[in-house]
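Asks: Below you'll find my_file_0.txt; it's compact mmCIF, C-alpha atoms.
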```
# COMPACT_ATOMS: atom_id res chain seq x y z
CA GLY T 1 -45.67 26.06 0.70
CA ILE T 2 -43.08 24.44 -1.49
CA GLN T 3 -44.35 22.13 -4.24
CA VAL T 4 -42.60 18.88 -5.19
CA GLU T 5 -43.39 17.02 -8.41
CA GLN T 6 -41.98 13.64 -9.34
CA SER T 7 -41.99 11.97 -12.73
CA PRO T 8 -42.84 9.55 -14.07
CA PRO T 9 -45.50 8.33 -11.60
CA ASP T 10 -45.01 4.73 -12.72
CA LEU T 11 -42.17 2.93 -14.45
CA ILE T 12 -41.98 -0.71 -15.51
CA LEU T 13 -38.63 -2.02 -16.71
CA GLN T 14 -36.91 -5.25 -17.55
CA GLU T 15 -34.15 -6.41 -15.22
CA GLY T 16 -30.83 -4.93 -16.35
CA ALA T 17 -32.31 -1.71 -17.75
CA ASN T 18 -31.32 1.78 -16.67
CA SER T 19 -33.75 4.43 -15.42
CA THR T 20 -33.90 8.13 -14.58
CA LEU T 21 -36.32 9.54 -12.05
CA ARG T 22 -36.94 13.27 -11.82
CA CYS T 23 -37.90 15.60 -8.98
CA ASN T 24 -38.89 19.23 -9.60
CA PHE T 25 -39.37 21.68 -6.75
CA SER T 26 -40.81 25.16 -6.66
CA ASP T 27 -38.43 27.05 -4.35
CA SER T 28 -34.83 27.17 -3.17
CA VAL T 29 -33.98 24.29 -0.87
CA ASN T 30 -31.38 23.54 1.76
CA ASN T 31 -32.26 19.87 2.11
CA LEU T 32 -33.11 17.31 -0.54
CA GLN T 33 -33.30 13.62 0.14
CA TRP T 34 -34.09 10.61 -2.05
CA PHE T 35 -35.74 7.61 -0.37
CA HIS T 36 -36.67 4.11 -1.47
CA GLN T 37 -39.79 2.63 0.13
CA ASN T 38 -39.76 -1.14 -0.12
CA PRO T 39 -42.89 -3.34 -0.33
CA TRP T 40 -42.93 -3.65 3.48
CA GLY T 41 -43.15 0.11 3.88
CA GLN T 42 -39.61 0.69 5.12
CA LEU T 43 -38.23 4.04 4.01
CA ILE T 44 -34.55 3.79 3.16
CA ASN T 45 -32.29 6.82 2.80
CA LEU T 46 -30.58 6.81 -0.59
CA PHE T 47 -29.05 10.25 -0.87
CA TYR T 48 -28.85 13.53 0.99
CA ILE T 49 -28.15 15.86 -1.92
CA PRO T 50 -29.24 19.52 -1.75
CA SER T 51 -26.75 20.20 -4.56
CA GLY T 52 -24.13 18.44 -6.65
CA THR T 53 -23.68 14.81 -7.63
CA LYS T 54 -23.26 11.67 -5.54
CA GLN T 55 -22.87 8.01 -6.39
CA ASN T 56 -23.45 4.87 -4.38
CA GLY T 57 -22.94 1.66 -6.32
CA ARG T 58 -25.52 1.39 -9.11
CA LEU T 59 -27.33 4.50 -7.91
CA SER T 60 -26.36 8.09 -8.45
CA ALA T 61 -28.10 11.42 -7.99
CA THR T 62 -27.65 14.94 -9.27
CA THR T 63 -29.29 18.10 -7.96
CA VAL T 64 -29.17 21.33 -9.95
CA ALA T 65 -30.29 23.72 -7.25
CA THR T 66 -30.32 26.81 -9.47
CA GLU T 67 -32.77 25.11 -11.84
CA ARG T 68 -34.75 23.45 -9.04
CA TYR T 69 -34.60 19.81 -10.02
CA SER T 70 -32.93 16.58 -9.01
CA LEU T 71 -32.40 13.33 -10.89
CA LEU T 72 -31.96 9.82 -9.54
CA TYR T 73 -30.24 7.33 -11.83
CA ILE T 74 -30.52 3.59 -11.39
CA SER T 75 -28.29 1.45 -13.57
CA SER T 76 -28.49 -2.29 -14.28
CA SER T 77 -31.83 -2.59 -12.43
CA GLN T 78 -32.49 -5.57 -10.20
CA THR T 79 -35.83 -6.89 -8.94
CA THR T 80 -34.89 -5.70 -5.46
CA ASP T 81 -34.94 -2.13 -6.81
CA SER T 82 -38.73 -2.36 -7.09
CA GLY T 83 -40.73 -0.08 -4.83
CA VAL T 84 -41.58 3.57 -4.58
CA TYR T 85 -38.94 6.29 -4.81
CA PHE T 86 -39.63 9.54 -3.00
CA CYS T 87 -37.96 12.90 -3.24
CA ALA T 88 -38.33 15.21 -0.22
CA VAL T 89 -37.18 18.80 0.20
CA ALA T 90 -36.96 21.49 2.84
CA PRO T 91 -36.95 25.15 1.74
CA ASN T 92 -34.29 27.73 2.55
CA PHE T 93 -35.15 29.81 5.61
CA GLY T 94 -37.57 27.14 6.69
CA ASN T 95 -37.61 25.05 9.83
CA GLU T 96 -36.23 21.75 8.54
CA LYS T 97 -39.68 20.41 7.60
CA LEU T 98 -39.49 17.99 4.69
CA THR T 99 -42.16 18.12 1.97
CA PHE T 100 -42.52 14.87 0.04
CA GLY T 101 -43.41 14.31 -3.59
CA THR T 102 -46.00 11.67 -4.48
CA GLY T 103 -43.31 9.25 -5.60
CA THR T 104 -42.35 7.14 -8.61
CA ARG T 105 -43.45 3.50 -8.45
CA LEU T 106 -40.74 1.35 -10.06
CA THR T 107 -41.43 -2.25 -11.02
CA ILE T 108 -38.55 -4.38 -12.27
CA ILE T 109 -39.59 -7.47 -14.20
CA PRO T 110 -37.25 -10.51 -14.19
CA ASP C 1 -27.33 -0.75 17.06
CA GLY C 2 -28.41 2.85 16.78
CA GLY C 3 -31.75 3.52 15.25
CA ILE C 4 -35.39 4.47 15.52
CA THR C 5 -37.86 2.00 17.01
CA GLN C 6 -41.58 2.31 16.40
CA SER C 7 -44.12 0.17 18.19
CA PRO C 8 -46.40 -1.55 17.72
CA LYS C 9 -45.99 -2.57 14.08
CA TYR C 10 -49.77 -3.03 13.72
CA LEU C 11 -52.48 -1.37 15.78
CA PHE C 12 -56.24 -1.63 15.73
CA ARG C 13 -58.52 1.01 17.18
CA LYS C 14 -62.21 0.99 17.98
CA GLU C 15 -64.32 3.98 17.12
CA GLY C 16 -64.07 6.67 19.81
CA GLN C 17 -60.79 5.37 21.27
CA ASN C 18 -57.54 7.23 21.67
CA VAL C 19 -54.39 5.28 20.83
CA THR C 20 -50.72 6.12 21.33
CA LEU C 21 -47.94 5.20 18.92
CA SER C 22 -44.45 4.90 20.34
CA CYS C 23 -41.27 6.28 18.75
CA GLU C 24 -37.89 5.90 20.46
CA GLN C 25 -34.45 6.80 19.08
CA ASN C 26 -30.98 6.18 20.45
CA LEU C 27 -29.19 8.31 17.87
CA ASN C 28 -28.96 11.33 20.17
CA HIS C 29 -30.84 13.39 17.58
CA ASP C 30 -32.42 16.66 18.67
CA ALA C 31 -35.24 16.77 16.12
CA MET C 32 -38.04 14.23 15.74
CA TYR C 33 -40.96 14.07 13.31
CA TRP C 34 -44.24 12.24 12.77
CA TYR C 35 -45.59 11.62 9.27
CA ARG C 36 -48.75 10.03 7.94
CA GLN C 37 -48.88 8.07 4.67
CA ASP C 38 -52.12 7.13 2.92
CA PRO C 39 -52.17 4.44 0.20
CA GLY C 40 -50.51 5.58 -2.99
CA GLN C 41 -49.50 8.90 -1.49
CA GLY C 42 -46.40 10.61 -0.21
CA LEU C 43 -45.77 11.41 3.44
CA ARG C 44 -47.43 14.35 5.18
CA LEU C 45 -46.07 15.97 8.33
CA ILE C 46 -48.23 15.74 11.46
CA TYR C 47 -46.02 17.19 14.23
CA TYR C 48 -42.35 17.86 14.77
CA SER C 49 -40.09 18.70 17.68
CA GLN C 50 -36.69 20.33 17.41
CA ILE C 51 -35.90 20.23 21.12
CA VAL C 52 -37.15 18.64 24.33
CA ASN C 53 -40.34 20.15 25.76
CA ASP C 54 -41.13 21.93 22.50
CA PHE C 55 -43.09 20.82 19.45
CA GLN C 56 -44.84 22.38 16.48
CA LYS C 57 -47.83 21.49 14.33
CA GLY C 58 -47.19 20.20 10.86
CA ASP C 59 -49.55 20.28 7.91
CA ILE C 60 -52.19 17.85 9.24
CA ALA C 61 -52.10 18.14 13.06
CA GLU C 62 -55.87 18.11 13.68
CA GLY C 63 -56.95 15.09 15.71
CA TYR C 64 -53.40 14.29 16.88
CA SER C 65 -51.33 15.19 19.93
CA VAL C 66 -47.68 14.68 20.91
CA SER C 67 -45.32 15.15 23.82
CA ARG C 68 -41.53 15.48 24.03
CA GLU C 69 -40.53 14.96 27.64
CA LYS C 70 -37.31 13.13 26.79
CA LYS C 71 -34.87 13.59 23.94
CA GLU C 72 -35.16 9.98 22.85
CA SER C 73 -38.96 9.68 22.89
CA PHE C 74 -41.71 11.34 20.81
CA PRO C 75 -45.06 9.51 21.24
CA LEU C 76 -48.02 10.32 18.99
CA THR C 77 -51.61 10.05 20.23
CA VAL C 78 -54.34 9.60 17.66
CA THR C 79 -57.44 10.98 19.30
CA SER C 80 -61.09 10.20 18.66
CA ALA C 81 -61.27 13.61 16.94
CA GLN C 82 -59.25 12.20 14.04
CA LYS C 83 -62.06 11.08 11.74
CA ASN C 84 -60.01 9.04 9.32
CA PRO C 85 -57.09 7.58 11.28
CA THR C 86 -56.48 4.48 9.16
CA ALA C 87 -53.00 5.04 7.70
CA PHE C 88 -49.33 4.16 7.92
CA TYR C 89 -47.48 6.30 10.48
CA LEU C 90 -43.75 6.96 10.24
CA CYS C 91 -41.47 8.55 12.79
CA ALA C 92 -38.18 10.22 11.87
CA SER C 93 -35.29 11.93 13.59
CA MET C 94 -32.55 14.27 12.48
CA ALA C 95 -29.32 15.69 13.87
CA GLY C 96 -28.17 19.25 13.38
CA THR C 97 -29.72 22.33 11.86
CA GLY C 98 -28.64 24.83 9.23
CA ALA C 99 -25.21 24.10 7.81
CA ARG C 100 -24.79 21.20 10.24
CA ARG C 101 -27.98 19.50 9.10
CA GLN C 102 -27.92 15.73 8.63
CA PRO C 103 -30.41 13.57 6.71
CA GLN C 104 -33.67 12.50 8.34
CA HIS C 105 -33.77 8.83 9.30
CA PHE C 106 -36.99 6.84 9.58
CA GLY C 107 -38.40 4.07 11.72
CA ASP C 108 -40.20 1.07 10.20
CA GLY C 109 -43.66 2.50 10.79
CA THR C 110 -46.94 1.57 12.49
CA ARG C 111 -50.03 0.55 10.52
CA LEU C 112 -53.19 1.77 12.25
CA SER C 113 -56.60 0.36 11.33
CA ILE C 114 -60.11 1.05 12.60
CA LEU C 115 -62.24 -1.89 13.70
```
As structure tokens, please, write out the structure in this file.
Replies:
Amino acid sequence: GIQVEQSPPDLILQEGANSTLRCNFSDSVNNLQWFHQNPWGQLINLFYIPSGTKQNGRLSATTVATERYSLLYISSSQTTDSGVYFCAVAPNFGNEKLTFGTGTRLTIIP
Amino acid sequence: DGGITQSPKYLFRKEGQNVTLSCEQNLNHDAMYWYRQDPGQGLRLIYYSQIVNDFQKGDIAEGYSVSREKKESFPLTVTSAQKNPTAFYLCASMAGTGARRQPQHFGDGTRLSIL
């Protein structure tokens, strides 16, 4: 099956810093989603981005489908950004099943 | 409000017991999914259903069973055959397929523990 690798596994930053999270995947995809899991376990949709670039406030994401990676940018980090960020993909010609990476744990220090 | 409701939030099971986790959605989505998350790990797919009265095994279906009798409901039963059921269980739903695909949306999860 498709492989999904996220880096870095852990990231600790001061409030106000910027960060870039990376997701590499091993096959062509027709679905790529970025999620934020908060400390209570809730999984929040950030972006649906199988290709191209999107922005939502301080967050933006870019997927380069031909090179099989996606990047999530967080600018001017806030403590509420802390949590685990997951990338999940579904391969072309698949059946809409998402495969998740193991996540990047982001800790923002005041 | 439209959304996905999972219940209960916390569940405790005795050894040898079957338990059923509820997942209800009022988003009119055709597809529904069950995932399991272990501490420090990503989510793994247990079962999914793309249409009423049909469902497929995911990557870790052993020891679990599901039904899809109604579009809005997709309950998951953790059977006594599941040897390590302690985990966080998340339900999701999605509208559309192919070019009309929409993002998957998730419920708030159920934490299952063994007594």
Asks: Please return, as a list of chain:residue names, all residues of chain C lying within 6 Å of chain T when all atoms listed in the file are considered.
Replies: C:Gln41, C:Gly42, C:Leu43, C:Pro103, C:Asp108
Asks: Record the distance separating CA of Pro75 in chain C and CA of Gly1 in chain T, expressed in Å with one decimal.
Replies: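 Interatomic distance, CA of Pro75 in chain C to CA of Gly1 in chain T: 26.4 Å.
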Asks: Compile the contact shell of range 59-69 of chain C as an mmCIF file with C-alpha atoms, in the frame of the given file: residues with an atom at most 12 Å away, counting all atoms listed in the file, same-chain residues fewer than 2 positions apart removed.
Replies:
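Listed below is the output, selection.cif:
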```
data_model
loop_
_atom_site.group_PDB
_atom_site.id
_atom_site.type_symbol
_atom_site.label_atom_id
_atom_site.label_comp_id
_atom_site.auth_asym_id
_atom_site.auth_seq_id
_atom_site.Cartn_x
_atom_site.Cartn_y
_atom_site.Cartn_z
ATOM 1 C CA GLY T 1 -45.670 26.060 0.700
ATOM 2 C CA LYS T 97 -39.680 20.410 7.600
ATOM 3 C CA LEU T 98 -39.490 17.990 4.690
ATOM 4 C CA THR T 99 -42.160 18.120 1.970
ATOM 5 C CA PHE T 100 -42.520 14.870 0.040
ATOM 6 C CA GLY C 16 -64.070 6.670 19.810
ATOM 7 C CA GLN C 17 -60.790 5.370 21.270
ATOM 8 C CA ASN C 18 -57.540 7.230 21.670
ATOM 9 C CA VAL C 19 -54.390 5.280 20.830
ATOM 10 C CA THR C 20 -50.720 6.120 21.330
ATOM 11 C CA LEU C 21 -47.940 5.200 18.920
ATOM 12 C CA SER C 22 -44.450 4.900 20.340
ATOM 13 C CA CYS C 23 -41.270 6.280 18.750
ATOM 14 C CA GLU C 24 -37.890 5.900 20.460
ATOM 15 C CA ASP C 30 -32.420 16.660 18.670
ATOM 16 C CA ALA C 31 -35.240 16.770 16.120
ATOM 17 C CA MET C 32 -38.040 14.230 15.740
ATOM 18 C CA TYR C 33 -40.960 14.070 13.310
ATOM 19 C CA TRP C 34 -44.240 12.240 12.770
ATOM 20 C CA TYR C 35 -45.590 11.620 9.270
ATOM 21 C CA ARG C 36 -48.750 10.030 7.940
ATOM 22 C CA GLN C 37 -48.880 8.070 4.670
ATOM 23 C CA LEU C 43 -45.770 11.410 3.440
ATOM 24 C CA ARG C 44 -47.430 14.350 5.180
ATOM 25 C CA LEU C 45 -46.070 15.970 8.330
ATOM 26 C CA ILE C 46 -48.230 15.740 11.460
ATOM 27 C CA TYR C 47 -46.020 17.190 14.230
ATOM 28 C CA TYR C 48 -42.350 17.860 14.770
ATOM 29 C CA SER C 49 -40.090 18.700 17.680
ATOM 30 C CA GLN C 50 -36.690 20.330 17.410
ATOM 31 C CA ILE C 51 -35.900 20.230 21.120
ATOM 32 C CA VAL C 52 -37.150 18.640 24.330
ATOM 33 C CA ASN C 53 -40.340 20.150 25.760
ATOM 34 C CA ASP C 54 -41.130 21.930 22.500
ATOM 35 C CA PHE C 55 -43.090 20.820 19.450
ATOM 36 C CA GLN C 56 -44.840 22.380 16.480
ATOM 37 C CA LYS C 57 -47.830 21.490 14.330
ATOM 38 C CA LYS C 71 -34.870 13.590 23.940
ATOM 39 C CA GLU C 72 -35.160 9.980 22.850
ATOM 40 C CA SER C 73 -38.960 9.680 22.890
ATOM 41 C CA PHE C 74 -41.710 11.340 20.810
ATOM 42 C CA PRO C 75 -45.060 9.510 21.240
ATOM 43 C CA LEU C 76 -48.020 10.320 18.990
ATOM 44 C CA THR C 77 -51.610 10.050 20.230
ATOM 45 C CA VAL C 78 -54.340 9.600 17.660
ATOM 46 C CA THR C 79 -57.440 10.980 19.300
ATOM 47 C CA SER C 80 -61.090 10.200 18.660
ATOM 48 C CA ALA C 81 -61.270 13.610 16.940
ATOM 49 C CA GLN C 82 -59.250 12.200 14.040
ATOM 50 C CA LYS C 83 -62.060 11.080 11.740
ATOM 51 C CA ASN C 84 -60.010 9.040 9.320
ATOM 52 C CA PRO C 85 -57.090 7.580 11.280
ATOM 53 C CA TYR C 89 -47.480 6.300 10.480
ATOM 54 C CA CYS C 91 -41.470 8.550 12.790
#
```
Asks: If I take CA of Gln6 in chain T and CA of Phe25 in chain T, how far is one from the other in Å, to one decimal?
Replies: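 Atom-to-atom, CA of Gln6 in chain T to CA of Phe25 in chain T, that is 8.8 Å.
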Asks: C:Gly40, C:Lys70, C:Gln25, C:Gly107: which is nearest Ala95 in chain C, counting only C-alpha atoms?
Replies: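 Of C:Gly40, C:Lys70, C:Gln25, C:Gly107, the one nearest Ala95 in chain C, counting only C-alpha atoms, is C:Gln25.
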Asks: Which one is closest to Leu21 in chain T: T:Asn56, T:Ser70, T:Gln37, T:Thr63? Count only C-alpha atoms.
Replies: T:Ser70
Asks: To one decimal place in Å, what is the distance between CA of Gly83 in chain T and CA of His36 in chain T?
Replies: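 These two atoms are separated by 6.7 Å.
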Asks: Any chance you could work out the axis-aligned box around range 103-106 of chain C, listed atoms only, 8 Å on each side, giving centre and edge lengths in Å to one decimal, as AutoDock Vina command-line options?
Replies:
```
--center_x -33.7 --center_y 10.2 --center_z 8.1 --size_x 22.6 --size_y 22.7 --size_z 18.9
```
